[in-house]
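Student: This is input-v2.txt, which holds compact mmCIF, C-alpha atoms and all ligand atoms:
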# COMPACT_ATOMS: atom_id res chain seq x y z
CA MET A 1 5.29 -25.04 5.43
CA GLU A 2 2.07 -24.36 7.27
CA THR A 3 -1.06 -24.36 5.14
CA ILE A 4 -3.62 -21.60 5.29
CA LYS A 5 -7.14 -22.55 6.37
CA THR A 6 -9.51 -22.00 3.51
CA GLU A 7 -13.24 -22.35 2.88
CA SER A 8 -15.07 -24.03 0.01
CA PRO A 9 -15.98 -21.76 -2.89
CA PRO A 10 -19.53 -20.35 -2.84
CA ASP A 11 -22.27 -21.57 -5.16
CA THR A 12 -24.32 -18.58 -6.27
CA LEU A 13 -23.10 -16.17 -8.93
CA ALA A 14 -23.55 -13.20 -6.62
CA ASP A 15 -21.40 -14.85 -3.98
CA LYS A 16 -18.84 -15.88 -6.58
CA GLN A 17 -18.52 -12.29 -7.69
CA ARG A 18 -17.85 -11.32 -4.12
CA PHE A 19 -15.77 -14.24 -3.02
CA GLY A 20 -14.41 -15.93 -6.12
CA GLY A 21 -15.12 -19.30 -7.67
CA HIS A 22 -12.46 -20.15 -10.25
CA GLY A 23 -9.84 -22.02 -8.29
CA GLU A 24 -8.92 -19.16 -6.00
CA ASN A 25 -8.52 -20.09 -2.36
CA ILE A 26 -10.68 -18.26 0.12
CA VAL A 27 -8.94 -17.51 3.37
CA ALA A 28 -11.03 -18.41 6.40
CA PRO A 29 -11.82 -15.50 8.74
CA ILE A 30 -9.80 -14.98 11.91
CA LEU A 31 -10.71 -11.56 13.36
CA GLN A 32 -14.43 -10.91 13.03
CA ALA A 33 -16.14 -7.54 12.67
CA ASP A 34 -17.07 -7.50 16.38
CA GLY A 35 -13.41 -7.85 17.41
CA THR A 36 -13.65 -11.50 18.49
CA LEU A 37 -11.87 -14.46 16.92
CA ALA A 38 -13.87 -16.75 14.63
CA ALA A 39 -14.77 -20.14 16.08
CA GLY A 40 -11.70 -22.38 16.04
CA ALA A 41 -9.42 -19.61 14.76
CA GLU A 42 -6.16 -18.64 16.43
CA CYS A 43 -4.44 -15.29 16.44
CA PRO A 44 -1.35 -15.66 14.19
CA MET A 45 0.55 -12.84 15.94
CA ASP A 46 2.20 -12.72 19.35
CA ASP A 47 1.32 -9.93 21.80
CA ASP A 48 4.16 -7.65 20.64
CA GLN A 49 3.10 -8.01 17.03
CA VAL A 50 -0.53 -7.22 17.91
CA GLN A 51 0.62 -4.02 19.61
CA GLU A 52 2.97 -3.20 16.75
CA VAL A 53 0.36 -3.61 14.02
CA LEU A 54 -2.28 -1.71 15.99
CA SER A 55 0.16 1.17 16.59
CA LEU A 56 1.03 1.18 12.90
CA MET A 57 -2.63 1.37 11.91
CA ILE A 58 -3.38 4.16 14.39
CA ARG A 59 -0.34 6.21 13.30
CA SER A 60 -1.27 5.77 9.67
CA ARG A 61 -4.86 6.88 10.32
CA LEU A 62 -3.69 10.04 12.12
CA ILE A 63 -1.17 10.87 9.37
CA ASP A 64 -3.88 10.38 6.74
CA GLU A 65 -6.27 12.72 8.54
CA ARG A 66 -3.55 15.33 8.79
CA GLY A 67 -2.67 14.89 5.12
CA VAL A 68 -6.23 15.76 4.10
CA SER A 69 -6.21 18.75 6.41
CA TYR A 70 -2.83 20.00 5.09
CA GLN A 71 -4.17 19.73 1.55
CA ARG A 72 -7.29 21.71 2.49
CA GLN A 73 -5.02 24.40 3.96
CA GLY A 74 -3.03 24.56 0.73
CA ARG A 75 0.13 23.27 2.39
CA ILE A 76 0.48 20.12 0.24
CA GLY A 77 -0.80 18.99 -3.15
CA THR A 78 -3.37 16.32 -4.02
CA PHE A 79 -3.44 13.57 -1.40
CA SER A 80 -4.80 9.98 -1.41
CA GLU A 81 -5.71 8.43 1.94
CA ASN A 82 -5.28 4.81 2.96
CA ARG A 83 -8.02 5.26 5.61
CA GLY A 84 -10.13 2.12 5.96
CA GLN A 85 -7.54 -0.04 4.19
CA GLU A 86 -5.11 -0.29 7.11
CA GLY A 87 -5.98 -3.95 7.78
CA ALA A 88 -4.85 -4.95 4.30
CA SER A 89 -1.83 -2.65 4.12
CA ALA A 90 -0.47 -3.05 7.65
CA GLY A 91 -1.33 -6.76 7.87
CA SER A 92 0.61 -7.51 4.69
CA ALA A 93 3.58 -5.35 5.67
CA MET A 94 3.93 -7.17 8.99
CA ALA A 95 4.90 -10.34 7.10
CA LEU A 96 7.94 -8.67 5.50
CA ASN A 97 11.52 -8.46 6.65
CA ALA A 98 12.15 -4.74 6.14
CA GLU A 99 15.89 -5.36 5.85
CA THR A 100 15.80 -7.77 2.92
CA ASP A 101 12.35 -7.51 1.35
CA TRP A 102 11.30 -4.80 -1.07
CA VAL A 103 8.05 -2.97 -1.67
CA VAL A 104 7.15 -1.76 -5.14
CA GLN A 105 4.32 0.57 -4.30
CA SER A 106 1.42 2.15 -6.07
CA TYR A 107 0.29 5.29 -4.15
CA ARG A 108 -2.11 4.20 -1.37
CA GLU A 109 0.05 2.14 0.97
CA LEU A 110 1.07 4.45 3.80
CA PRO A 111 1.20 1.77 6.56
CA VAL A 112 3.49 -0.33 4.35
CA LEU A 113 5.88 2.57 3.83
CA LEU A 114 5.95 3.31 7.56
CA ARG A 115 6.66 -0.33 8.41
CA GLN A 116 9.50 -0.41 5.87
CA GLY A 117 11.05 2.57 7.69
CA MET A 118 10.16 5.60 5.54
CA PRO A 119 10.99 8.84 7.39
CA LEU A 120 7.80 10.88 7.63
CA GLU A 121 9.52 14.09 6.49
CA GLN A 122 10.15 12.39 3.17
CA TYR A 123 6.42 11.74 2.75
CA TRP A 124 5.55 15.36 3.40
CA THR A 125 8.38 16.55 1.14
CA LEU A 126 6.85 14.50 -1.65
CA PHE A 127 3.36 15.89 -1.14
CA ILE A 128 4.68 19.43 -0.90
CA GLY A 129 5.78 18.71 -4.45
CA HIS A 130 9.54 18.70 -4.00
CA PRO A 131 11.66 16.20 -5.97
CA ASP A 132 13.60 15.15 -2.84
CA GLY A 133 10.44 13.38 -1.66
CA TRP A 134 10.60 10.82 -4.47
CA GLY A 135 13.78 9.03 -3.52
CA PHE A 136 13.82 6.70 -0.52
CA PRO A 137 16.91 6.79 1.68
CA GLU A 138 19.44 3.98 1.45
CA GLY A 139 18.22 1.07 3.58
CA VAL A 140 14.50 1.87 3.16
CA ASN A 141 13.50 -0.83 0.73
CA VAL A 142 10.69 0.91 -1.13
CA TRP A 143 10.47 2.03 -4.73
CA PRO A 144 9.15 5.49 -5.55
CA LEU A 145 5.41 6.10 -5.78
CA GLN A 146 3.95 4.95 -9.11
CA ILE A 147 1.00 6.87 -10.49
CA GLU A 148 1.07 5.19 -13.93
CA LEU A 149 -1.43 2.47 -13.10
CA GLY A 150 -0.03 -1.06 -13.19
CA ALA A 151 3.46 -0.04 -14.34
CA GLN A 152 4.94 -1.00 -10.98
CA MET A 153 4.15 -4.70 -11.48
CA PRO A 154 6.71 -5.47 -14.24
CA HIS A 155 9.22 -3.59 -12.08
CA ALA A 156 8.37 -5.78 -9.09
CA VAL A 157 8.74 -8.98 -11.13
CA GLY A 158 11.95 -7.78 -12.76
CA MET A 159 13.50 -6.98 -9.41
CA ALA A 160 12.40 -10.31 -7.91
CA TRP A 161 13.67 -12.26 -10.91
CA GLY A 162 16.98 -10.40 -10.54
CA PHE A 163 17.13 -11.45 -6.88
CA LYS A 164 16.58 -15.05 -7.91
CA ARG A 165 19.27 -14.95 -10.57
CA GLN A 166 21.73 -13.29 -8.22
CA GLN A 167 20.76 -15.65 -5.39
CA ARG A 168 19.96 -12.71 -3.13
CA PRO A 169 17.59 -13.37 -0.24
CA GLY A 170 14.86 -10.72 -0.76
CA VAL A 171 11.19 -11.08 -1.59
CA VAL A 172 9.45 -8.31 -3.56
CA VAL A 173 5.83 -7.25 -3.10
CA GLY A 174 4.03 -5.39 -5.84
CA TYR A 175 1.03 -3.47 -4.50
CA ILE A 176 -1.79 -2.67 -6.90
CA GLY A 177 -5.39 -1.44 -6.80
CA ASP A 178 -8.40 -3.25 -8.31
CA GLY A 179 -8.75 -0.72 -11.14
CA ALA A 180 -5.09 -1.01 -12.11
CA THR A 181 -5.49 -4.76 -12.62
CA SER A 182 -7.21 -3.92 -15.92
CA GLU A 183 -3.91 -2.60 -17.29
CA GLY A 184 -1.84 -4.71 -19.69
CA ASP A 185 1.21 -4.38 -17.44
CA PHE A 186 -0.56 -6.43 -14.76
CA TYR A 187 -1.04 -9.39 -17.13
CA GLU A 188 2.45 -9.22 -18.60
CA ALA A 189 3.95 -9.07 -15.14
CA GLY A 190 1.80 -11.96 -13.91
CA ASN A 191 2.75 -14.13 -16.86
CA LEU A 192 6.46 -13.44 -16.41
CA ALA A 193 6.25 -14.06 -12.66
CA GLY A 194 4.59 -17.43 -13.29
CA VAL A 195 7.19 -18.50 -15.86
CA THR A 196 10.24 -17.34 -13.91
CA LYS A 197 8.98 -18.40 -10.47
CA ALA A 198 10.30 -15.08 -9.25
CA PRO A 199 10.10 -14.45 -5.48
CA VAL A 200 7.29 -11.91 -5.77
CA VAL A 201 3.86 -11.39 -4.21
CA PHE A 202 1.12 -9.60 -6.11
CA PHE A 203 -0.89 -7.84 -3.41
CA VAL A 204 -4.15 -6.44 -4.80
CA GLN A 205 -5.91 -3.97 -2.54
CA ASN A 206 -9.42 -4.33 -3.90
CA ASN A 207 -11.14 -1.36 -2.26
CA GLY A 208 -14.25 -1.65 -4.43
CA TRP A 209 -13.63 1.50 -6.47
CA ALA A 210 -11.31 2.90 -9.13
CA ILE A 211 -12.20 6.57 -8.72
CA SER A 212 -15.89 6.32 -9.80
CA THR A 213 -15.77 2.87 -11.43
CA PRO A 214 -17.10 0.14 -9.12
CA ARG A 215 -15.47 -3.27 -9.01
CA GLU A 216 -18.44 -4.92 -10.82
CA ARG A 217 -17.75 -2.76 -13.88
CA GLN A 218 -14.00 -3.25 -13.78
CA THR A 219 -13.94 -6.89 -14.85
CA ALA A 220 -16.39 -9.66 -15.73
CA ALA A 221 -14.21 -12.18 -13.90
CA SER A 222 -15.62 -13.70 -10.73
CA SER A 223 -12.72 -12.21 -8.83
CA ILE A 224 -9.38 -10.54 -9.46
CA ALA A 225 -7.67 -13.48 -7.79
CA ALA A 226 -9.15 -15.79 -10.47
CA LYS A 227 -6.85 -14.22 -13.04
CA ALA A 228 -3.78 -15.85 -11.49
CA ALA A 229 -4.95 -19.27 -12.75
CA GLY A 230 -3.86 -18.22 -16.26
CA TRP A 231 -0.36 -17.60 -15.00
CA GLY A 232 0.01 -20.89 -13.13
CA MET A 233 0.09 -19.00 -9.87
CA PRO A 234 -1.81 -19.80 -6.66
CA SER A 235 -4.16 -17.08 -5.50
CA TYR A 236 -6.13 -16.18 -2.40
CA ILE A 237 -9.05 -13.97 -1.54
CA VAL A 238 -8.94 -12.56 1.95
CA ASP A 239 -11.07 -10.14 3.95
CA GLY A 240 -8.75 -7.13 3.88
CA ASN A 241 -10.34 -5.74 7.04
CA ASP A 242 -9.31 -8.84 8.98
CA VAL A 243 -5.72 -7.94 9.74
CA PHE A 244 -4.90 -11.40 11.12
CA ALA A 245 -6.18 -13.26 8.07
CA VAL A 246 -4.25 -10.87 5.82
CA TYR A 247 -1.08 -11.38 7.84
CA SER A 248 -1.37 -15.15 7.83
CA VAL A 249 -1.92 -15.49 4.10
CA MET A 250 0.82 -12.97 3.35
CA ARG A 251 3.21 -14.82 5.64
CA GLU A 252 2.58 -17.97 3.66
CA ALA A 253 3.02 -16.22 0.30
CA VAL A 254 6.28 -14.64 1.46
CA ALA A 255 7.52 -18.03 2.73
CA ARG A 256 6.70 -19.64 -0.65
CA ALA A 257 8.65 -16.93 -2.43
CA ARG A 258 11.60 -17.29 -0.05
CA ASN A 259 11.64 -21.06 -0.51
CA GLY A 260 11.94 -20.75 -4.28
CA GLU A 261 8.34 -21.87 -4.92
CA GLY A 262 7.46 -18.72 -6.86
CA ALA A 263 4.81 -16.05 -6.93
CA THR A 264 1.39 -15.77 -5.25
CA LEU A 265 -1.48 -13.38 -5.86
CA ILE A 266 -3.48 -12.14 -2.87
CA GLU A 267 -6.69 -10.18 -3.36
CA ALA A 268 -7.49 -8.33 -0.15
CA GLN A 269 -11.11 -7.18 -0.25
CA THR A 270 -11.43 -3.93 1.63
CA TYR A 271 -13.20 -0.61 1.14
CA ARG A 272 -12.16 2.88 0.13
CA VAL A 273 -14.13 4.76 2.76
CA GLY A 274 -13.07 8.22 1.69
CA ALA A 275 -12.70 9.99 -1.60
CA HIS A 276 -10.32 8.67 -4.26
CA ASN A 277 -8.15 11.66 -3.44
CA THR A 278 -8.61 15.25 -2.30
CA SER A 279 -9.80 16.32 -5.77
CA ASP A 280 -12.63 13.76 -5.89
CA ALA A 281 -16.29 14.05 -4.76
CA PRO A 282 -17.65 10.52 -4.19
CA SER A 283 -21.17 11.79 -3.41
CA ARG A 284 -21.50 12.32 -7.18
CA TYR A 285 -21.29 8.59 -7.91
CA ARG A 286 -22.14 6.65 -4.74
CA THR A 287 -24.68 7.05 -1.99
CA GLU A 288 -22.89 5.75 1.09
CA ASP A 289 -20.89 8.47 2.81
CA GLY A 290 -17.50 8.02 4.46
CA ALA A 291 -18.86 7.99 8.03
CA ASP A 292 -21.32 5.16 7.30
CA ALA A 293 -18.69 3.22 5.36
CA ILE A 294 -16.09 3.38 8.08
CA ALA A 295 -18.67 2.41 10.71
CA ARG A 296 -19.48 -0.66 8.63
CA THR A 297 -16.00 -1.82 7.72
CA ASP A 298 -13.34 -0.26 9.98
CA PRO A 299 -10.40 -2.68 10.43
CA LEU A 300 -8.93 -0.50 13.16
CA VAL A 301 -11.95 -0.70 15.47
CA ARG A 302 -11.92 -4.49 15.09
CA LEU A 303 -8.30 -4.80 16.12
CA ARG A 304 -8.52 -2.21 18.88
CA THR A 305 -11.52 -4.07 20.38
CA TYR A 306 -9.61 -7.36 20.24
CA ALA A 307 -6.39 -5.95 21.74
CA THR A 308 -8.34 -4.18 24.49
CA SER A 309 -10.18 -7.37 25.40
CA LEU A 310 -6.81 -9.07 26.00
CA GLY A 311 -5.41 -6.19 28.05
CA LEU A 312 -2.89 -5.37 25.28
CA TRP A 313 -4.35 -1.92 24.68
CA ASP A 314 -6.19 0.75 26.67
CA ALA A 315 -7.22 4.40 26.59
CA ASP A 316 -3.91 5.59 28.11
CA ARG A 317 -1.84 3.85 25.44
CA ASP A 318 -4.15 5.27 22.81
CA ALA A 319 -3.79 8.82 24.14
CA ALA A 320 0.01 8.53 24.44
CA LEU A 321 0.37 7.21 20.89
CA THR A 322 -1.93 9.90 19.53
CA GLU A 323 0.10 12.62 21.24
CA SER A 324 3.48 11.26 20.11
CA THR A 325 2.18 10.84 16.55
CA TYR A 326 0.98 14.46 16.40
CA ILE A 327 4.45 15.57 17.57
CA GLU A 328 6.05 13.30 14.96
CA ILE A 329 3.77 14.74 12.25
CA ASP A 330 4.47 18.37 13.20
CA GLU A 331 8.21 17.90 13.42
CA ALA A 332 8.39 16.00 10.15
CA PHE A 333 6.34 18.67 8.40
CA LYS A 334 8.67 21.41 9.64
CA VAL A 335 11.70 19.54 8.29
CA ALA A 336 9.93 18.95 4.96
CA HIS A 337 8.90 22.59 4.72
CA GLU A 338 12.51 23.75 5.20
CA ARG A 339 13.82 21.17 2.76
CA ALA A 340 11.31 22.23 0.13
CA LYS A 341 12.51 25.84 0.25
CA VAL A 342 15.60 24.74 -1.61
CA ARG A 343 14.36 24.46 -5.17
CA THR A 344 15.66 25.50 -8.52
CA PRO A 345 14.36 24.95 -12.05
CA SER A 346 17.43 22.86 -12.88
CA MET A 347 16.25 20.22 -10.39
CA LEU A 348 13.99 19.09 -13.23
CA PHE A 349 17.03 17.26 -14.54
CA ASP A 350 17.86 15.45 -11.29
CA HIS A 351 17.34 11.67 -11.22
CA VAL A 352 16.55 11.48 -14.95
CA TYR A 353 19.80 9.95 -16.23
CA ALA A 354 22.68 8.28 -14.41
CA ASP A 355 24.89 9.58 -17.26
CA PRO A 356 23.10 12.46 -18.98
CA PRO A 357 23.68 12.84 -22.72
CA ALA A 358 25.47 15.96 -23.95
CA ARG A 359 22.22 17.59 -25.08
CA THR A 360 20.69 17.26 -21.60
CA ILE A 361 23.83 18.63 -19.97
CA ARG A 362 23.64 21.68 -22.30
CA GLN A 363 19.96 22.21 -21.47
CA ARG A 364 20.68 22.05 -17.76
CA GLU A 365 23.51 24.57 -18.06
CA THR A 366 21.27 26.93 -20.01
CA ILE A 367 18.56 26.78 -17.36
CA GLU A 368 21.08 27.26 -14.58
CA LYS A 369 22.41 30.37 -16.30
CA GLU A 370 18.93 31.80 -16.82
CA PHE A 371 17.29 31.09 -13.47
CA ASP A 372 19.50 29.67 -10.82
CA GLN A 373 21.73 32.55 -9.90
C1 LIG B 401 -2.44 4.27 -16.97
C2 LIG B 401 -3.30 5.18 -16.14
N1 LIG B 401 -4.60 5.37 -16.48
C3 LIG B 401 -5.38 6.19 -15.75
C4 LIG B 401 -4.87 6.86 -14.66
C5 LIG B 401 -5.76 7.79 -13.83
N2 LIG B 401 -6.08 7.16 -12.54
C6 LIG B 401 -5.37 7.44 -11.43
S1 LIG B 401 -5.87 6.57 -10.12
C7 LIG B 401 -7.08 5.79 -10.99
C8 LIG B 401 -7.97 4.76 -10.34
C9 LIG B 401 -7.19 3.59 -9.84
O1 LIG B 401 -8.01 2.73 -9.09
P1 LIG B 401 -7.45 1.46 -8.34
O2 LIG B 401 -6.38 0.81 -9.14
O3 LIG B 401 -8.59 0.64 -7.94
O4 LIG B 401 -6.70 2.07 -7.06
P2 LIG B 401 -7.29 2.97 -5.89
O5 LIG B 401 -7.05 4.40 -6.29
O6 LIG B 401 -8.72 2.65 -5.69
O7 LIG B 401 -6.44 2.61 -4.71
C10 LIG B 401 -7.09 6.24 -12.32
C11 LIG B 401 -8.04 5.79 -13.35
C12 LIG B 401 -3.50 6.64 -14.34
N3 LIG B 401 -2.93 7.21 -13.28
N4 LIG B 401 -2.75 5.79 -15.07
How would this structure read if it were set down as structure tokens?
Tutor:
Amino acid sequence: METIKTESPPDTLADKQRFGGHGENIVAPILQADGTLAAGAECPMDDDQVQEVLSLMIRSRLIDERGVSYQRQGRIGTFSENRGQEGASAGSAMALNAETDWVVQSYRELPVLLRQGMPLEQYWTLFIGHPDGWGFPEGVNVWPLQIELGAQMPHAVGMAWGFKRQQRPGVVVGYIGDGATSEGDFYEAGNLAGVTKAPVVFFVQNNGWAISTPRERQTAASSIAAKAAGWGMPSYIVDGNDVFAVYSVMREAVARARNGEGATLIEAQTYRVGAHNTSDAPSRYRTEDGADAIARTDPLVRLRTYATSLGLWDADRDAALTESTYIEIDEAFKVAHERAKVRTPSMLFDHVYADPPARTIRQRETIEKEFDQ
């Protein structure tokens, strides 16, 4: 298997806190902030993949912007954007085979869900607050959104271990935020993944913040990646805004899992440019505003500059994709809106038990009699 190019660990404590220093591998940069390739680096994607990942990132950005605007108009509930994290999310998703690999999500991975084939109307149905939005259609290999921080990671390991025992081909990726890595579930899952050599990737989107708690106050460890050493698991730190570096390290982690070599932890360092969600006001706890942050870190500008310089992208393509995405968003929202009109109190009981106990059946019947007719 190909080996990822890495750099030597930094010396100073400040740099260690940023880049690691306890055995984690540091992935060498590929796509620099100015949209050029680093000296000696090669683009790990072919032209079609570059166009695919750029389109994915642009669509995700437009859907995110619309999500915030729908929430402000009272058309959907609380909404968390992925904006600014597209390099980490889309770059990692590009390394998956959507037909066999599974995503066990947290709640801030829109480009991943799109790449795995989620119909957009399902996303809007969820944020309208309708139970139909929770379940992914057959063939879309994504688990439901997990708001209980960290609880998705034991699920990811369990599923991957099951795949191994059943000799099924899939790899499972558990996505998690930096804040959620302080939960016990993260450590239990990591330990089990190390012991079982389950085909799983722990993908940490370290966006610097857990609502108002900055990364420095989340853990005294030099990095989140460093924690994998205790589980006997290799780990990598990668610039999450460098979509090519993310893709290349993820591709290697997925290949390790597929080859029966076990789990890998990847810490993608990115930045949450916006609010935690639409009920948060970041100006109360940090000084940099969203516009400055995105100007400083934007993974989309980097990739667009690179693709344009190679003649793989231009203003016409951009305009056409923007227009088709707005149509896609509008149509999906209309479908979701219609779907969400069908709602009854007894839906509370849907998807709770495969075989409901007698008591639950009685409760459902009572509610149906009272409200549903
Ligand atoms: C067990 C648990 N504790 C607290 C919360 C409340 N909560 C929701 S999101 C969040 C911050 C999570 O930050 P991070 O894991 O870094 O992910 P991000 O939102 O930055 O993507 C908190 C504390 C929760 N959902 N679950």
Student: Using all atoms listed in the file, find each residue of region 81-178 of chain A with at least one atom at most 8 Å away from an atom of region 205-212 of chain A; report its shortest atom-to-atom pair and that distance in Å (one decimal), sort the rows by chain and rising residue number, and return the result as CSV.
Tutor:
residue,atom,partner,partner_atom,distance
A:Gln85,CA,A:Asn207,CA,7.5
A:Ala88,CA,A:Gln205,CA,7.0
A:Ser89,CA,A:Gln205,CA,7.9
A:Tyr175,CA,A:Gln205,CA,7.2
A:Ile176,CA,A:Gln205,CA,6.1
A:Gly177,CA,A:Gln205,CA,5.0
A:Asp178,CA,A:Asn206,CA,4.7
Student: Please identify all protein, DNA and RNA residues within 9 Å of ligand LIG 401 (chain B), counting only C-alpha atoms and all ligand atoms, and report them as a ChimeraX atom specification.
Tutor: /A:80-82,106-109,146-151,176-183,204-215,218,271-272,276-277
Student: Could you give me, as a list in words, the residues within 7 Å of Phe202 (chain A), counting all atoms listed in the file and dropping anything in the same chain fewer than 3 positions from it?
Tutor: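 Listed by chain and then number, they are Val173, Gly174, Tyr175, Thr264, Leu265 and Ile266 of chain A.
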Student: Counting only C-alpha atoms, which residue out of A:Ser60, A:Thr278, A:Thr308, A:Ser222 sits closest to Gln73 (chain A)?
Tutor: A:Thr278
Student: Could you check which of A:Ala291, A:Leu114, A:Val68, A:Val342 is closest to Phe127 (chain A), using all atoms listed in the file?
Tutor: A:Val68
Student: As a list in words, please: the residues near Pro144 (chain A) (cut-off 12 Å, only C-alpha atoms, same-chain neighbours under 4 positions excluded).
Tutor: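 Answer for this query is Trp102, Val103, Val104, Gln105, Ser106, Tyr107, Glu109, Leu113, Met118, Gln122, Tyr123, Leu126, Pro131, Asp132, Gly133, Trp134, Gly135, Phe136, Pro137, Val140, Glu148, Ala151, Gln152, His155, Ala156 and His351 of chain A.
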Student: For each of A:Asp34, A:Arg217, A:Glu42, A:Gln51, take the minimum atom-to-atom distance to Asp314 (chain A), counting only C-alpha atoms, then give the residue where this is smallest.
Tutor: A:Gln51
Student: Compile a residue-level contact table for region 180-260 of chain A against region 299-306 of chain A at a cut-off of 8 Å, reporting for every qualifying residue the shortest atom pair and its distance in Å to one decimal, with all atoms listed in the file counted, rows ordered by chain and ascending number, as a Markdown table.
Tutor:
| residue | atom | partner | partner_atom | distance |
| --- | --- | --- | --- | --- |
| A:Asn241 | CA | A:Pro299 | CA | 4.6 |
| A:Asp242 | CA | A:Pro299 | CA | 6.4 |
| A:Val243 | CA | A:Pro299 | CA | 7.1 |
Student: Please indicate the distance in Å from CA of Leu120 (chain A) to CA of Ile329 (chain A), rounded to one decimal place.
Tutor: 7.2 Å
Student: Using all atoms listed in the file, which protein or nucleic acid residues come within 12 Å of Glu252 (chain A)? Drop anything in the same chain fewer than 4 positions from it, and give the result as a PyMOL selection string.
Tutor: chain A and resi 1-5+27+44+92+95-96+201+234-236+245-248+256-259+261-266
Student: Could you list, as a ChimeraX atom specification, every residue within 10 Å of region 69-72 of chain A, counting all atoms listed in the file and ignoring same-chain residues fewer than 6 positions away?
Tutor: /A:63,78-79,124,127-128,278-279,333
Student: Which residue gives the smallest distance to Gln49 (chain A) among A:Val273, A:Ala189, A:Ala93, A:Ala229, with all atoms listed in the file counted?
Tutor: A:Ala93
Student: Using all atoms listed in the file, determine which residues lie at most 12 Å from Lys341 (chain A), disregarding the query and same-chain residues fewer than 3 positions distant; provide the list as a PyMOL selection string.
Tutor: chain A and resi 125+128-132+334-338+344
Student: Taking (-6.1, -10.5, 2.2) in the coordinates of the supplied file, I want to know which residues reach to within 6 Å of it, counting all atoms listed in the file; could you give the answer as a PyMOL selection string?
Tutor: chain A and resi 237-240+246+266-268
Student: Would you please work out which residue, of A:Phe163, A:Ala41, A:Ser346, A:Asp355, is nearest to Ile367 (chain A) when using only C-alpha atoms?
Tutor: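 Smallest separation from Ile367 (chain A) among the options: A:Ser346.
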Student: Mind giving me the straight-line distance from CA of Gly87 (chain A) to CA of Ala307 (chain A) in Å, one decimal?
Tutor: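 Distance between the two atoms: 14.1 Å.
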Student: In terms of the shortest atom-to-atom distance over all atoms listed in the file, which of A:Ala98, A:Leu192, A:Pro356, A:Gly260 is closest to Lys164 (chain A)?
Tutor: A:Gly260
Student: Between CA of Thr325 (chain A) and CA of Cys43 (chain A), what is the distance, to one decimal in Å?
Tutor: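 Between CA of Thr325 (chain A) and CA of Cys43 (chain A) the gap is 27.0 Å.
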